[in-house]
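K.L.:
Next comes data19.txt, compact mmCIF, C-alpha atoms:
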# COMPACT_ATOMS: atom_id res chain seq x y z
CA MET A 1 64.54 119.71 127.28
CA PRO A 2 62.27 116.67 127.72
CA ALA A 3 62.28 115.09 131.12
CA ASP A 4 61.81 111.53 129.89
CA PRO A 5 64.82 110.01 128.02
CA ALA A 6 62.47 107.88 125.89
CA GLU A 7 61.01 111.04 124.35
CA ARG A 8 64.35 112.21 122.93
CA ARG A 9 64.86 111.58 119.25
CA VAL A 10 68.23 110.68 117.84
CA THR A 11 69.03 111.02 114.15
CA VAL A 12 71.55 108.56 112.82
CA THR A 13 73.18 109.45 109.54
CA GLY A 14 75.46 107.36 107.40
CA PRO A 15 76.57 106.90 103.87
CA PRO A 16 73.75 106.38 101.39
CA ARG A 17 72.97 102.78 100.67
CA ARG A 18 73.51 101.59 97.16
CA SER A 19 70.61 100.05 95.39
CA ARG A 20 70.85 96.40 94.50
CA ARG A 21 71.90 95.70 90.97
CA THR A 22 70.23 93.11 88.84
CA LEU A 23 71.59 89.60 88.99
CA GLY A 24 72.50 89.64 85.30
CA TYR A 25 75.08 92.38 85.76
CA TYR A 26 78.65 91.23 86.20
CA ARG A 27 81.52 93.30 87.48
CA PRO A 28 84.87 92.61 85.82
CA ARG A 29 86.73 93.87 88.88
CA THR A 30 85.00 91.24 90.99
CA GLU A 31 85.89 88.61 88.41
CA ILE A 32 89.55 89.57 88.73
CA ASP A 33 89.46 89.69 92.54
CA GLU A 34 87.81 86.27 92.77
CA GLN A 35 90.26 84.85 90.22
CA THR A 36 87.60 83.36 87.99
CA THR A 37 88.27 82.22 84.46
CA LEU A 38 86.96 85.49 83.05
CA GLY A 39 89.13 87.51 85.44
CA HIS A 40 92.13 85.39 84.46
CA THR A 41 91.36 86.15 80.82
CA TYR A 42 91.27 89.89 81.51
CA VAL A 43 94.62 89.83 83.28
CA ARG A 44 96.18 87.62 80.59
CA SER A 45 95.08 90.06 77.90
CA LEU A 46 96.83 92.90 79.74
CA MET A 47 99.96 90.82 80.20
CA ARG A 48 99.97 89.81 76.52
CA SER A 49 99.67 93.39 75.34
CA GLN A 50 102.48 94.49 77.68
CA LEU A 51 104.65 91.59 76.50
CA ARG A 52 103.98 92.49 72.88
CA VAL A 53 105.17 96.06 73.48
CA ALA A 54 108.26 94.83 75.33
CA LEU A 55 109.15 92.44 72.50
CA VAL A 56 108.82 95.21 69.92
CA VAL A 57 111.15 97.42 71.96
CA PHE A 58 113.60 94.55 72.38
CA ALA A 59 113.60 93.83 68.63
CA VAL A 60 114.23 97.48 67.79
CA LEU A 61 116.99 97.60 70.40
CA VAL A 62 118.66 94.50 68.94
CA LEU A 63 118.47 95.97 65.44
CA LEU A 64 119.84 99.28 66.69
CA VAL A 65 122.67 98.06 68.92
CA GLY A 66 123.38 94.60 67.49
CA PRO A 67 125.29 95.66 64.38
CA LEU A 68 127.53 98.11 66.26
CA PRO A 69 130.36 95.59 66.92
CA LEU A 70 130.45 94.83 63.19
CA VAL A 71 130.61 98.54 62.37
CA PHE A 72 133.40 99.05 64.88
CA ALA A 73 135.30 95.98 63.61
CA ALA A 74 135.10 97.26 60.04
CA ALA A 75 136.88 100.45 61.00
CA PRO A 76 139.31 99.51 63.81
CA GLU A 77 141.28 102.76 63.63
CA ALA A 78 138.31 105.09 63.78
CA ARG A 79 138.09 105.72 67.53
CA ARG A 80 136.24 108.98 66.98
CA LEU A 81 133.57 107.12 65.03
CA GLU A 82 132.98 104.83 67.99
CA TRP A 83 132.58 107.72 70.42
CA LEU A 84 130.42 109.62 67.98
CA VAL A 85 128.11 106.67 67.43
CA LEU A 86 127.98 105.63 71.09
CA GLY A 87 127.88 109.13 72.55
CA PHE A 88 125.59 111.00 70.23
CA CYS A 89 123.93 108.88 67.57
CA LEU A 90 122.69 106.20 69.93
CA TYR A 91 121.22 108.24 72.79
CA ALA A 92 118.48 110.00 70.83
CA PRO A 93 116.96 106.78 69.43
CA LEU A 94 117.23 105.10 72.84
CA ILE A 95 115.44 107.99 74.55
CA LEU A 96 112.72 108.03 71.89
CA LEU A 97 112.33 104.27 72.19
CA ALA A 98 112.07 104.49 75.98
CA ARG A 99 109.46 107.26 75.80
CA TRP A 100 107.43 105.29 73.27
CA TYR A 101 107.57 102.21 75.50
CA VAL A 102 106.39 104.08 78.59
CA ARG A 103 103.56 105.79 76.74
CA ARG A 104 102.40 102.55 75.14
CA ALA A 105 102.56 100.64 78.43
CA GLU A 106 100.55 103.36 80.18
CA ARG A 107 98.00 103.35 77.35
CA ASN A 108 97.63 99.57 77.70
CA GLU A 109 97.01 99.96 81.43
CA GLU A 110 94.50 102.77 80.87
CA ASP A 111 92.63 100.61 78.34
CA PHE A 112 92.58 97.78 80.88
CA VAL A 113 91.25 100.04 83.64
CA ARG A 114 88.58 101.37 81.28
CA LEU A 115 87.62 97.78 80.49
CA VAL A 116 87.17 96.69 84.09
CA GLU A 117 85.75 99.92 85.50
CA ASP A 118 82.37 99.66 87.18
CA ARG A 119 80.96 102.76 85.52
Show me the file's structure as structure tokens.
P.N.:
Amino acid sequence: MPADPAERRVTVTGPPRRSRRTLGYYRPRTEIDEQTTLGHTYVRSLMRSQLRVALVVFAVLVLLVGPLPLVFAAAPEARRLEWLVLGFCLYAPLILLARWYVRRAERNEEDFVRLVEDR
């Protein structure tokens, strides 16, 4: 062990430093964080695609459920028909519609993340 403290060497380690990128490179994530016009455009495109999917699901839901009161009014004495339609014939399309909506919304978000990723 050295007698003089000035002779001791200390090694300092840390995370590797990232090299500077060229000035011409832009990062979409930074654009979104700083709320620039380009970042606003990115976020609006995601919101528009999500709204489009939601409106398609709403339109299908209206076409699927909307005419049911007319069907039930046409056959007022057919109580079994009402339970059959509401209990069995409506659940499968609703579940399929919900699964499609979730998958499409997740795909929109994955596309957005891929668009703004730094890689």
K.L.:
Please measure the separation of CA of Leu96 in chain A and CA of Ser49 in chain A, giving the value in Å to one decimal.
P.N.:
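Interatomic distance here is 19.9 Å.
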K.L.:
Pick out the residues sitting within 9 Å of range 61-78 of chain A, and hand them over as a PyMOL selection string; count only C-alpha atoms, and ignore anything fewer than 4 positions along from it in its own chain.
P.N.:
chain A and resi 56-57+82+85-86+90+93-94+97
K.L.:
May I ask which of the residues A:Val12, A:Ala54, A:Leu46, A:Leu81 is the closest one to Val102 in chain A, counting only C-alpha atoms?
P.N.:
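Between A:Val12, A:Ala54, A:Leu46, A:Leu81, the residue approaching Val102 in chain A most closely is A:Ala54.
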K.L.:
Quick one, how far is CA of Tyr42 in chain A from CA of Val113 in chain A?
P.N.:
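That distance, rounded to one decimal, is 10.4 Å.
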K.L.:
Could you tell me which of A:Arg79, A:Gly87, A:Tyr101, A:Thr13 comes closest to Leu55 in chain A if we count all atoms listed in the file?
P.N.:
A:Tyr101
K.L.:
Expressed in Å to a single decimal, how great is the separation between CA of Arg48 in chain A and CA of Val116 in chain A?
P.N.:
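Pair CA of Arg48 in chain A / CA of Val116 in chain A returns 16.4 Å.
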K.L.:
Enclose all atoms of range 39-47 of chain A listed in the file in an axis-aligned box, grow every side by 4 Å, and hand back centre and edge lengths in Å to one decimal, as AutoDock Vina command-line options.
P.N.:
--center_x 94.5 --center_y 89.1 --center_z 81.7 --size_x 18.8 --size_y 15.5 --size_z 15.5
